[in-house]
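S.K.: Below: one structure in structure tokens.
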Amino acid sequence: MKYTHLLAAVAGGALVVAGLVTAGLGLTGCASTAPQAPGAKIQASTADLHATLQDTVKDAGRLAQMRAVADQIGADLLAGAQELARLQQEQTRLAADYTTTPEALRQVGEQMQSARTAYRTKALAARQALAQLATDDEWKQITSRDLALIGN
């Protein structure tokens, strides 16, 4: 009985985590469109940010630096999405195995939490780097647009 509650809690937590990660990474899609792979959405979001930067930042040196930061954000988000997908698959595999110990499930849950925290920290640091490179007017213009990659 004790294990049933643990498995249910882990499975429920995994669903919440999956939903938060999907929303947090800007990977959700419209119900009326066919779902895209996370990599395609991240690439599209990176392209949107590049276009916004091109339209907004007139200094070529800062523009190049900001594009490099945008590329790094995209790479970090893609790596994060892939790692979380791998951990989710591992958790699903463990949950389906009746010989799995609660400790094994707890470890995977901790790894998922650690990965989410690490990628959230990277994303916030990258957003801060963009903000520091932009002038106040540029940052207002950049953040006035709906850019999934930087969380607007």
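Chain lettering (A, B, ...) mirrors the order of the structure tokens, residue numbering begins at 1 for each chain separately, and ligand numbering begins at 1 in order of display.
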Just the residues within 10 Å of Ala47 of chain A, please, counting only C-alpha atoms, with nothing from its chain fewer than 3 positions along; format it as a ChimeraX atom specification.

M.R.: /A:41-44,50-53,67,70-71,74,149

S.K.: Which residues are near Gln54 of chain A? Cut-off 12 Å, only C-alpha atoms, ignore same chain within fewer than 2 positions. Put them as JSON, numbers by chain.

M.R.: {"A": [47, 48, 49, 50, 51, 52, 56, 57, 58, 59, 60, 61, 62, 63, 64, 65, 66, 67, 70, 138, 141, 142]}

S.K.: Please provide as number ranges by chain all residues within 12 Å of Gln107 of chain A, with the sequence filter that same-chain residues fewer than 3 positions apart are discarded (counting only C-alpha atoms).

M.R.: A: 10, 87, 90-91, 94, 100-104, 110-114

S.K.: Counting only C-alpha atoms, what is within 10 Å of Ile150 of chain A, bar same-chain residues fewer than 6 positions away, as number ranges by chain?

M.R.: A: 24-26, 45-46, 49, 70, 73-74, 123-124, 126-128, 130, 142-143

S.K.: Between A:Val108, A:Ala81, A:Ala75, A:Asp55, which is the closest to Arg93 of chain A once you count only C-alpha atoms?

M.R.: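 Selected residue with least distance to Arg93 of chain A: A:Val108.
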